[in-house]
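Source file: final20.txt; contents: compact mmCIF, C-alpha atoms.
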# COMPACT_ATOMS: atom_id res chain seq x y z
CA MET A 100 -23.40 2.97 -19.01
CA MET A 101 -21.10 5.65 -20.26
CA ALA A 102 -18.84 5.23 -23.24
CA ALA A 103 -15.40 4.03 -22.28
CA GLY A 104 -13.63 6.26 -24.74
CA THR A 105 -15.21 9.60 -23.94
CA ALA A 106 -12.37 11.99 -24.53
CA VAL A 107 -11.67 15.63 -24.22
CA GLU A 108 -10.14 16.46 -27.58
CA PRO A 109 -6.79 18.29 -27.46
CA LYS A 110 -8.02 20.93 -29.89
CA ALA A 111 -11.16 21.54 -27.90
CA ARG A 112 -9.11 21.85 -24.72
CA ALA A 113 -6.70 24.27 -26.36
CA THR A 114 -9.59 26.39 -27.60
CA ALA A 115 -11.23 26.30 -24.22
CA LYS A 116 -7.99 27.41 -22.56
CA LYS A 117 -7.42 30.25 -24.96
CA SER A 118 -10.93 31.64 -24.71
CA ALA A 119 -10.65 35.01 -23.05
CA GLY A 120 -12.16 35.80 -19.70
CA GLY A 121 -13.86 32.60 -18.61
CA ALA A 122 -10.95 30.17 -19.07
CA PRO A 123 -10.90 28.82 -15.47
CA GLU A 124 -14.66 28.43 -15.54
CA THR A 125 -14.46 26.47 -18.79
CA GLU A 126 -11.81 24.20 -17.29
CA ALA A 127 -13.95 23.61 -14.22
CA GLN A 128 -16.92 22.78 -16.41
CA GLU A 129 -14.80 20.41 -18.46
CA PHE A 130 -13.57 18.66 -15.38
CA LEU A 131 -17.08 18.42 -13.98
CA ALA A 132 -18.21 16.81 -17.23
CA VAL A 133 -15.37 14.28 -17.00
CA VAL A 134 -16.26 13.45 -13.39
CA THR A 135 -19.90 13.00 -14.28
CA ALA A 136 -19.07 10.82 -17.25
CA HIS A 137 -16.43 8.54 -15.73
CA ARG A 138 -16.88 8.40 -11.98
CA ALA A 139 -19.06 5.29 -12.09
CA GLN A 140 -16.65 3.55 -14.43
CA ILE A 141 -13.59 4.27 -12.28
CA PHE A 142 -15.50 3.12 -9.19
CA ARG A 143 -16.55 -0.09 -10.97
CA PHE A 144 -12.98 -0.89 -12.03
CA LEU A 145 -11.65 -0.28 -8.51
CA LEU A 146 -14.50 -2.28 -6.97
CA ALA A 147 -13.78 -5.24 -9.23
CA SER A 148 -10.05 -4.94 -8.50
CA THR A 149 -10.36 -4.74 -4.72
CA ARG A 150 -13.79 -6.29 -3.96
CA ASP A 151 -13.90 -3.67 -1.17
CA VAL A 152 -16.68 -1.10 -1.48
CA ASP A 153 -15.21 1.41 0.99
CA LEU A 154 -11.73 1.15 -0.44
CA ALA A 155 -13.07 1.52 -3.99
CA GLU A 156 -15.00 4.62 -2.95
CA THR A 157 -11.96 6.13 -1.22
CA LEU A 158 -9.64 5.41 -4.13
CA THR A 159 -12.20 6.82 -6.59
CA GLN A 160 -12.32 10.06 -4.61
CA ASP A 161 -8.53 10.18 -4.40
CA CYS A 162 -8.35 9.55 -8.13
CA PHE A 163 -10.57 12.51 -8.98
CA LEU A 164 -8.86 14.71 -6.42
CA LYS A 165 -5.51 13.95 -8.03
CA ALA A 166 -6.99 14.41 -11.48
CA HIS A 167 -8.39 17.80 -10.44
CA ARG A 168 -4.98 18.91 -9.15
CA HIS A 169 -3.28 17.91 -12.40
CA TRP A 170 -6.12 18.73 -14.79
CA GLY A 171 -4.14 21.69 -16.12
CA SER A 172 -1.29 19.40 -17.15
CA PHE A 173 -3.56 16.91 -18.96
CA ARG A 174 -2.51 17.32 -22.59
CA GLY A 175 -5.21 15.16 -24.10
CA GLU A 176 -2.74 12.72 -25.66
CA SER A 177 -4.95 9.87 -24.49
CA SER A 178 -8.66 9.84 -23.73
CA ALA A 179 -9.70 11.23 -20.36
CA VAL A 180 -10.87 7.84 -19.18
CA THR A 181 -7.50 6.24 -20.01
CA TRP A 182 -5.77 9.03 -18.10
CA LEU A 183 -8.11 8.54 -15.14
CA MET A 184 -7.60 4.76 -15.28
CA ARG A 185 -3.86 5.27 -15.13
CA ILE A 186 -4.24 7.43 -12.02
CA ALA A 187 -6.58 4.85 -10.46
CA ILE A 188 -4.16 1.98 -11.19
CA ASN A 189 -1.25 3.92 -9.65
CA LEU A 190 -3.31 4.79 -6.57
CA GLN A 191 -4.25 1.16 -6.16
CA LYS A 192 -0.59 0.12 -6.45
CA ASP A 193 0.40 2.74 -3.87
CA HIS A 194 -2.33 1.53 -1.56
CA TRP A 195 -1.14 -2.09 -1.63
CA ARG A 196 2.49 -1.02 -1.33
CA ASN A 197 1.64 1.05 1.75
CA ARG A 198 -0.32 -1.85 3.20
CA ARG A 199 2.69 -4.11 2.76
CA MET A 200 4.97 -1.53 4.42
CA GLN A 201 2.59 -0.96 7.32
CA PHE A 202 2.64 -4.60 8.36
CA TRP A 203 2.03 -3.73 12.00
CA ARG A 204 -1.41 -2.36 11.17
CA ARG A 205 -4.47 -4.53 11.17
CA THR A 206 -4.64 -6.67 8.07
CA GLN A 207 -8.42 -6.78 8.19
CA THR A 208 -10.06 -5.57 5.00
CA ASN A 209 -13.66 -5.02 4.07
CA ALA A 210 -13.32 -7.08 0.90
CA VAL A 211 -16.38 -9.25 0.36
CA ASP A 212 -15.86 -12.95 -0.18
CA LEU A 213 -16.25 -14.60 -3.56
CA ASP A 214 -19.67 -16.08 -2.86
CA GLU A 215 -21.08 -12.70 -1.95
CA ALA A 216 -19.56 -11.09 -5.04
CA SER A 217 -21.03 -13.86 -7.20
CA GLU A 218 -24.52 -13.16 -5.87
CA TRP A 219 -24.81 -10.04 -7.98
CA LEU A 220 -26.57 -10.68 -11.26
CA PRO A 221 -28.68 -8.40 -13.40
CA SER A 222 -32.37 -8.95 -12.84
CA GLY A 223 -33.21 -10.25 -16.29
CA GLU A 224 -35.85 -12.61 -17.48
CA ARG A 225 -34.01 -15.81 -16.62
CA SER A 226 -35.20 -19.09 -15.25
CA VAL A 227 -34.02 -20.24 -11.83
CA GLU A 228 -31.78 -22.83 -13.46
CA GLN A 229 -30.19 -20.26 -15.75
CA GLN A 230 -29.61 -17.93 -12.82
CA MET A 231 -27.96 -20.69 -10.82
CA LEU A 232 -25.76 -21.61 -13.76
CA ALA A 233 -24.81 -17.96 -14.30
CA ARG A 234 -24.05 -17.56 -10.59
CA GLU A 235 -21.82 -20.61 -10.66
CA GLN A 236 -19.99 -19.32 -13.71
CA VAL A 237 -19.50 -15.89 -12.16
CA GLY A 238 -18.19 -17.56 -8.99
CA ARG A 239 -15.65 -19.52 -11.00
CA VAL A 240 -14.48 -16.42 -12.84
CA TRP A 241 -14.10 -14.55 -9.52
CA LYS A 242 -12.10 -17.49 -8.16
CA ALA A 243 -9.78 -17.38 -11.17
CA VAL A 244 -9.49 -13.59 -10.97
CA GLU A 245 -8.50 -13.80 -7.32
CA ARG A 246 -5.59 -16.06 -8.24
CA LEU A 247 -4.28 -13.73 -10.95
CA SER A 248 -1.31 -11.49 -10.32
CA GLU A 249 -2.06 -7.80 -9.77
CA ARG A 250 -1.02 -6.90 -13.31
CA GLN A 251 -2.88 -9.80 -14.94
CA ARG A 252 -6.02 -8.89 -12.98
CA THR A 253 -5.83 -5.25 -14.03
CA VAL A 254 -5.38 -6.16 -17.68
CA PHE A 255 -8.13 -8.79 -17.54
CA LEU A 256 -10.65 -6.43 -15.93
CA LEU A 257 -9.86 -3.59 -18.33
CA ARG A 258 -10.36 -5.92 -21.30
CA TYR A 259 -13.31 -8.06 -20.30
CA VAL A 260 -15.25 -5.77 -17.97
CA GLU A 261 -14.42 -2.30 -19.24
CA GLU A 262 -14.01 -3.58 -22.82
CA GLN A 263 -11.01 -1.38 -23.53
CA GLU A 264 -8.80 -1.82 -26.58
CA LEU A 265 -5.31 -3.23 -26.14
CA SER A 266 -3.76 0.14 -27.01
CA GLU A 267 -5.87 1.85 -24.33
CA ILE A 268 -4.91 -0.80 -21.78
CA ALA A 269 -1.25 -0.30 -22.70
CA GLN A 270 -1.61 3.45 -22.14
CA ALA A 271 -3.46 3.02 -18.87
CA THR A 272 -1.01 0.51 -17.43
CA GLY A 273 2.14 1.98 -18.94
CA LEU A 274 3.05 -1.37 -20.53
CA HIS A 275 3.89 -2.24 -24.10
CA GLU A 276 1.04 -3.67 -26.14
CA GLY A 277 2.90 -6.97 -26.49
CA THR A 278 3.25 -7.23 -22.73
CA VAL A 279 -0.45 -6.51 -22.34
CA LYS A 280 -1.24 -9.30 -24.79
CA ALA A 281 0.98 -11.72 -22.89
CA HIS A 282 -0.63 -10.85 -19.54
CA LEU A 283 -4.08 -11.10 -21.07
CA SER A 284 -3.33 -14.48 -22.61
CA ARG A 285 -2.07 -15.89 -19.30
CA ALA A 286 -5.02 -14.44 -17.43
CA LEU A 287 -7.49 -15.85 -19.92
CA ALA A 288 -5.84 -19.27 -19.78
CA LYS A 289 -6.29 -19.33 -16.01
CA VAL A 290 -9.92 -18.24 -16.27
CA ARG A 291 -10.54 -20.81 -18.97
CA ALA A 292 -9.00 -23.55 -16.85
CA GLU A 293 -11.32 -22.60 -14.00
CA VAL A 294 -14.45 -22.22 -16.11
CA GLY A 295 -13.73 -25.30 -18.23
CA GLY A 296 -13.52 -23.88 -21.74
CA ARG A 297 -11.45 -25.29 -24.59
CA ARG A 298 -7.81 -24.22 -25.00
CA MET B 266 -13.98 -59.12 -40.69
CA ARG B 267 -15.30 -60.16 -44.00
CA VAL B 268 -18.06 -58.25 -45.70
CA LYS B 269 -20.72 -60.41 -47.19
CA ASP B 270 -23.69 -59.00 -49.13
CA GLY B 271 -23.31 -55.52 -47.64
CA GLY B 272 -22.89 -56.89 -44.08
CA VAL B 273 -20.04 -57.98 -41.79
CA SER B 274 -19.46 -61.64 -41.10
CA GLY B 275 -20.79 -62.67 -37.71
CA VAL B 276 -22.70 -59.38 -37.30
CA SER B 277 -26.17 -58.85 -38.57
CA GLU B 278 -26.94 -55.81 -40.68
CA GLN B 279 -29.31 -54.50 -38.04
CA GLU B 280 -26.64 -54.71 -35.33
CA LEU B 281 -24.19 -52.93 -37.57
CA SER B 282 -26.55 -50.06 -38.33
CA GLU B 283 -27.33 -49.85 -34.59
CA ALA B 284 -23.62 -49.60 -33.77
CA LEU B 285 -23.09 -46.95 -36.46
CA ARG B 286 -26.02 -44.93 -35.14
CA GLU B 287 -24.54 -45.09 -31.65
CA PHE B 288 -21.17 -44.05 -32.97
CA ARG B 289 -22.71 -41.11 -34.85
CA THR B 290 -24.63 -40.01 -31.78
CA SER B 291 -21.48 -40.18 -29.66
CA VAL B 292 -19.42 -38.19 -32.18
CA CYS B 293 -22.18 -35.59 -32.44
CA ALA B 294 -22.38 -35.21 -28.66
CA TRP B 295 -18.61 -34.92 -28.37
CA SER B 296 -18.50 -32.37 -31.20
CA GLU B 297 -21.30 -30.31 -29.67
CA ALA B 298 -19.58 -30.32 -26.29
CA GLU B 299 -16.29 -29.20 -27.85
CA TYR B 300 -18.12 -26.59 -29.90
CA ALA B 301 -19.88 -25.29 -26.80
CA LYS B 302 -16.69 -24.87 -24.76
CA PRO B 303 -15.61 -21.49 -26.15
CA ARG B 304 -19.20 -20.35 -25.87
CA LEU B 305 -19.10 -21.47 -22.24
CA LEU B 306 -16.15 -19.14 -21.64
CA GLU B 307 -17.92 -16.36 -23.53
CA HIS B 308 -21.03 -16.86 -21.42
CA ALA B 309 -19.01 -16.94 -18.23
CA LEU B 310 -17.19 -13.72 -19.14
CA SER B 311 -20.43 -12.08 -20.18
CA ASN B 312 -22.10 -13.10 -16.91
CA PHE B 313 -19.08 -11.92 -14.96
CA LYS B 314 -19.22 -8.52 -16.63
CA ALA B 315 -22.96 -8.25 -16.02
CA SER B 316 -22.44 -9.23 -12.39
CA VAL B 317 -19.72 -6.62 -11.85
CA PHE B 318 -21.91 -3.96 -13.47
CA ALA B 319 -24.90 -4.91 -11.32
CA TRP B 320 -22.85 -4.90 -8.11
CA SER B 321 -21.10 -1.64 -8.96
CA ASP B 322 -24.34 0.11 -9.94
CA ALA B 323 -26.03 -1.01 -6.73
CA GLU B 324 -23.12 0.12 -4.54
CA TYR B 325 -22.69 3.35 -6.46
CA ALA B 326 -26.32 4.28 -5.94
CA LYS B 327 -26.17 3.73 -2.17
CA PRO B 328 -25.90 6.84 0.00
CA ARG B 329 -22.73 6.92 2.06
CA THR B 330 -21.85 8.27 5.46
CA ALA B 331 -18.36 8.75 6.72
CA VAL B 332 -19.21 9.06 10.41
CA LEU B 333 -17.59 5.82 11.47
CA THR B 334 -14.46 6.49 9.49
CA VAL B 335 -14.16 10.01 10.84
CA ARG B 336 -14.63 8.82 14.41
CA HIS B 337 -12.10 6.09 13.86
CA ARG B 338 -9.64 8.53 12.39
CA SER B 339 -10.22 11.16 15.10
CA TRP B 340 -9.67 8.53 17.79
CA ARG B 341 -6.45 7.52 16.11
CA LEU B 342 -5.48 11.13 15.66
CA ALA B 343 -6.09 11.83 19.36
CA ALA B 344 -4.13 8.73 20.35
CA GLY B 345 -1.33 9.78 18.04
CA TRP B 346 -1.25 13.29 19.48
CA ALA B 347 -1.32 11.96 23.04
CA LEU B 348 1.52 9.57 22.32
CA GLY B 349 3.44 12.33 20.58
CA CYS B 350 2.91 14.70 23.53
CA VAL B 351 4.04 12.03 25.99
CA LEU B 352 7.15 11.36 23.92
CA VAL B 353 7.96 15.06 23.60
CA ALA B 354 7.34 15.71 27.31
CA GLY B 355 9.40 12.66 28.22
CA SER B 356 12.30 13.65 26.04
CA VAL B 357 12.21 17.29 27.24
CA SER B 358 12.00 16.34 30.93
CA GLY B 359 14.68 13.70 30.38
CA GLY B 360 16.90 16.35 28.84
CA VAL B 361 16.27 18.80 31.68
CA TYR B 362 16.91 16.12 34.30
CA GLU B 363 20.10 15.07 32.54
CA ARG B 364 21.31 18.67 32.42
CA HIS B 365 20.46 19.21 36.09
CA HIS B 366 22.15 15.95 37.03
CA ARG B 367 25.29 16.93 35.16
CA GLN B 368 25.34 20.35 36.81
CA GLU B 369 25.01 18.70 40.24
CA LEU B 370 27.84 16.32 39.45
CA ALA B 371 30.00 19.20 38.27
CA LYS B 372 29.22 21.14 41.48
CA ILE B 373 30.10 18.17 43.67
CA ALA B 374 33.29 17.62 41.72
CA ALA B 375 34.22 21.32 42.12
CA MET B 376 33.55 21.14 45.87
CA ARG B 377 35.66 18.01 46.18
CA GLU B 378 38.48 19.67 44.23
CA ALA B 379 38.32 22.78 46.45
CA GLU B 380 38.39 20.59 49.57
CA ARG B 381 41.30 18.63 48.21
CA GLN B 382 43.20 21.85 47.46
CA ARG B 383 42.41 23.22 50.92
CA LEU B 384 43.69 20.06 52.58
CA ALA B 385 46.78 20.12 50.39
CA ALA B 386 47.44 23.76 51.34
CA GLU B 387 46.99 22.96 55.05
CA GLN B 388 49.30 20.01 54.69
CA ARG B 389 51.85 22.18 52.96
CA VAL B 390 51.66 24.85 55.73
CA ARG B 391 51.97 22.14 58.41
CA GLU B 392 54.99 20.66 56.67
CA GLU B 393 56.64 24.09 56.38
CA ASP B 394 55.99 24.80 60.06
CA GLU B 395 57.45 21.46 61.07
CA PHE B 396 60.45 22.07 58.85
CA LEU B 397 61.08 25.53 60.34
CA ALA B 398 60.66 24.16 63.85
CA MET B 399 63.18 21.48 63.10
CA VAL B 400 65.59 24.04 61.64
CA ASP B 401 65.19 26.27 64.73
CA LYS B 402 65.84 23.35 67.00
CA GLU B 403 68.95 22.31 65.16
CA VAL B 404 70.27 25.90 65.02
CA SER B 405 69.70 26.54 68.75
CA GLN B 406 71.58 23.37 69.78
CA GLU B 407 74.66 24.08 67.72
CA ALA B 408 77.46 26.22 69.35
CA PRO B 409 80.22 27.72 67.30
CA SER B 410 83.56 26.10 68.17
CA ALA B 411 85.59 29.33 67.80
CA MET B 412 83.67 31.04 70.62
CA GLU B 413 83.80 28.09 72.98
CA PRO B 414 86.97 29.17 75.00
CA LEU B 415 85.71 32.71 75.44
CA ALA B 416 82.48 31.40 76.70
CA GLN B 417 84.29 29.20 79.21
CA LEU B 418 86.48 32.10 80.37
CA MET B 419 83.45 34.23 80.91
CA ALA B 420 81.96 31.50 82.93
CA ASP B 421 85.18 31.15 85.08
CA ASP B 422 85.40 34.94 85.69
CA GLU B 423 81.91 35.02 86.89
CA ALA B 424 82.69 32.18 89.26
CA GLU B 425 85.65 33.94 90.78
Let's see the structure in the file written out as structure tokens.
Amino acid sequence: MMAAGTAVEPKARATAKKSAGGAPETEAQEFLAVVTAHRAQIFRFLLASTRDVDLAETLTQDCFLKAHRHWGSFRGESSAVTWLMRIAINLQKDHWRNRRMQFWRRTQTNAVDLDEASEWLPSGERSVEQQMLAREQVGRVWKAVERLSERQRTVFLLRYVEEQELSEIAQATGLHEGTVKAHLSRALAKVRAEVGGRR
Amino acid sequence: MRVKDGGVSGVSEQELSEALREFRTSVCAWSEAEYAKPRLLEHALSNFKASVFAWSDAEYAKPRTAVLTVRHRSWRLAAGWALGCVLVAGSVSGGVYERHHRQELAKIAAMREAERQRLAAEQRVREEDEFLAMVDKEVSQEAPSAMEPLAQLMADDEAE
């Protein structure tokens, strides 16, 4: 998969902007490179957050549309993927807030159930027993993740699926690093309690 | 317990070594289980990550069509427009009807006022006529007292 920290360096961006003549073209190329590099990752994060393929796809498209609109204002203070994650997290929040406000609409979602989500395992060279054990473990983690608060889930997924650093998670979520640690600790305790690991 | 010649009183050396072996086995099993617990969490998290990656990759690679969504949205859009049109038409026609109704009421009220004024004027004319008639009647019946003897004399002369 692509590197989580692929960044467009501020200096490089500044140079690209200043280059005479083909500045808009360079920006478009830059943005295309960012889309190519991070689209799958943003989709994966949203899929794990929502367990809804259609919703994840829609939010991913919205995320890149928003990113494209504001690409000119991206100053490169954080990596591109952190910036994109922040947009994705905000879109997801907006989505759930709108769903809560529109209570008269159908509450049906396309989210798959936990068993179905647990079915997905990489096709490695594992015995049947190992696969069953892995499936059971994945099911337990999904069960714990479902019970987490929205913020805990976001932090947990960014850390243990996307393998982001605490500082990156803090930037993406807009929280202090200490708060991120606290959320992560609580989330991990819940997952551990479900999986059966030692405290 | 008293130890005698390397053993415990009442317990043979063989039984003791058996019990110690059991104890060691139990401690080892417990220790291994405790040692494996964090690895269990690590394995679970690793499997979870691999599962999410596999699911995401599979879904990401699938071709997508938006036909159903578009149809759904267009149906909703049409329903929304229809409802909006009905509401607008209803409010406009309601406004027009209300205006017309008010104009009719105002017209009726004006007609009633004109009728009332006409009747009042007629009444006033009738009252004036009656008053004048009464005045005429009273004036014609009254004879001035100063002229009364002359009138009688004229009547006597005519008789003679």
Using all atoms listed in the file, I'd like every residue of chain A that has an atom within 10 Å of chain B; please write them out as a PDB file with C-alpha atoms, in the coordinates of the input.
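selection.pdb, freshly written:
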ATOM      1  CA  MET A 100     -23.400   2.970 -19.010  1.00  0.00           C
ATOM      2  CA  ARG A 138     -16.880   8.400 -11.980  1.00  0.00           C
ATOM      3  CA  ALA A 139     -19.060   5.290 -12.090  1.00  0.00           C
ATOM      4  CA  GLN A 140     -16.650   3.550 -14.430  1.00  0.00           C
ATOM      5  CA  PHE A 142     -15.500   3.120  -9.190  1.00  0.00           C
ATOM      6  CA  ARG A 143     -16.550  -0.090 -10.970  1.00  0.00           C
ATOM      7  CA  PHE A 144     -12.980  -0.890 -12.030  1.00  0.00           C
ATOM      8  CA  LEU A 145     -11.650  -0.280  -8.510  1.00  0.00           C
ATOM      9  CA  LEU A 146     -14.500  -2.280  -6.970  1.00  0.00           C
ATOM     10  CA  ALA A 147     -13.780  -5.240  -9.230  1.00  0.00           C
ATOM     11  CA  ARG A 150     -13.790  -6.290  -3.960  1.00  0.00           C
ATOM     12  CA  VAL A 152     -16.680  -1.100  -1.480  1.00  0.00           C
ATOM     13  CA  ASP A 153     -15.210   1.410   0.990  1.00  0.00           C
ATOM     14  CA  ALA A 155     -13.070   1.520  -3.990  1.00  0.00           C
ATOM     15  CA  GLU A 156     -15.000   4.620  -2.950  1.00  0.00           C
ATOM     16  CA  ALA A 216     -19.560 -11.090  -5.040  1.00  0.00           C
ATOM     17  CA  SER A 217     -21.030 -13.860  -7.200  1.00  0.00           C
ATOM     18  CA  GLU A 218     -24.520 -13.160  -5.870  1.00  0.00           C
ATOM     19  CA  TRP A 219     -24.810 -10.040  -7.980  1.00  0.00           C
ATOM     20  CA  LEU A 220     -26.570 -10.680 -11.260  1.00  0.00           C
ATOM     21  CA  PRO A 221     -28.680  -8.400 -13.400  1.00  0.00           C
ATOM     22  CA  SER A 222     -32.370  -8.950 -12.840  1.00  0.00           C
ATOM     23  CA  GLN A 230     -29.610 -17.930 -12.820  1.00  0.00           C
ATOM     24  CA  LEU A 232     -25.760 -21.610 -13.760  1.00  0.00           C
ATOM     25  CA  ALA A 233     -24.810 -17.960 -14.300  1.00  0.00           C
ATOM     26  CA  ARG A 234     -24.050 -17.560 -10.590  1.00  0.00           C
ATOM     27  CA  GLU A 235     -21.820 -20.610 -10.660  1.00  0.00           C
ATOM     28  CA  GLN A 236     -19.990 -19.320 -13.710  1.00  0.00           C
ATOM     29  CA  VAL A 237     -19.500 -15.890 -12.160  1.00  0.00           C
ATOM     30  CA  GLY A 238     -18.190 -17.560  -8.990  1.00  0.00           C
ATOM     31  CA  ARG A 239     -15.650 -19.520 -11.000  1.00  0.00           C
ATOM     32  CA  VAL A 240     -14.480 -16.420 -12.840  1.00  0.00           C
ATOM     33  CA  TRP A 241     -14.100 -14.550  -9.520  1.00  0.00           C
ATOM     34  CA  LEU A 256     -10.650  -6.430 -15.930  1.00  0.00           C
ATOM     35  CA  TYR A 259     -13.310  -8.060 -20.300  1.00  0.00           C
ATOM     36  CA  VAL A 260     -15.250  -5.770 -17.970  1.00  0.00           C
ATOM     37  CA  GLU A 261     -14.420  -2.300 -19.240  1.00  0.00           C
ATOM     38  CA  GLU A 262     -14.010  -3.580 -22.820  1.00  0.00           C
ATOM     39  CA  LEU A 287      -7.490 -15.850 -19.920  1.00  0.00           C
ATOM     40  CA  VAL A 290      -9.920 -18.240 -16.270  1.00  0.00           C
ATOM     41  CA  ARG A 291     -10.540 -20.810 -18.970  1.00  0.00           C
ATOM     42  CA  ALA A 292      -9.000 -23.550 -16.850  1.00  0.00           C
ATOM     43  CA  GLU A 293     -11.320 -22.600 -14.000  1.00  0.00           C
ATOM     44  CA  VAL A 294     -14.450 -22.220 -16.110  1.00  0.00           C
ATOM     45  CA  GLY A 295     -13.730 -25.300 -18.230  1.00  0.00           C
ATOM     46  CA  GLY A 296     -13.520 -23.880 -21.740  1.00  0.00           C
ATOM     47  CA  ARG A 297     -11.450 -25.290 -24.590  1.00  0.00           C
ATOM     48  CA  ARG A 298      -7.810 -24.220 -25.000  1.00  0.00           C
TER      49      ARG A 298
END
Item to complete: To one decimal in Å, tell me the separation between CA of Thr125 in chain A and CA of Phe173 in chain A.
Response: 14.5 Å
Worksheet item: Quick one, how far is CA of Ala187 in chain A from CA of Glu264 in chain A?
Response: 17.6 Å
Worksheet item: Using only C-alpha atoms, which of A:Val180, A:Ile141, A:Ala127, A:Arg198 sits nearest Arg168 in chain A?
Response: A:Ala127
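Going from CA of Ala347 in chain B over to CA of Asn197 in chain A, you cover 24.1 Å.
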Practice prompt. Show me as number ranges by chain the residues that reach within 8 Å of (-2.9, -5.8, -9.2), counting only C-alpha atoms and using the file's own coordinates.
Written response: A: 148, 191-192, 248-253
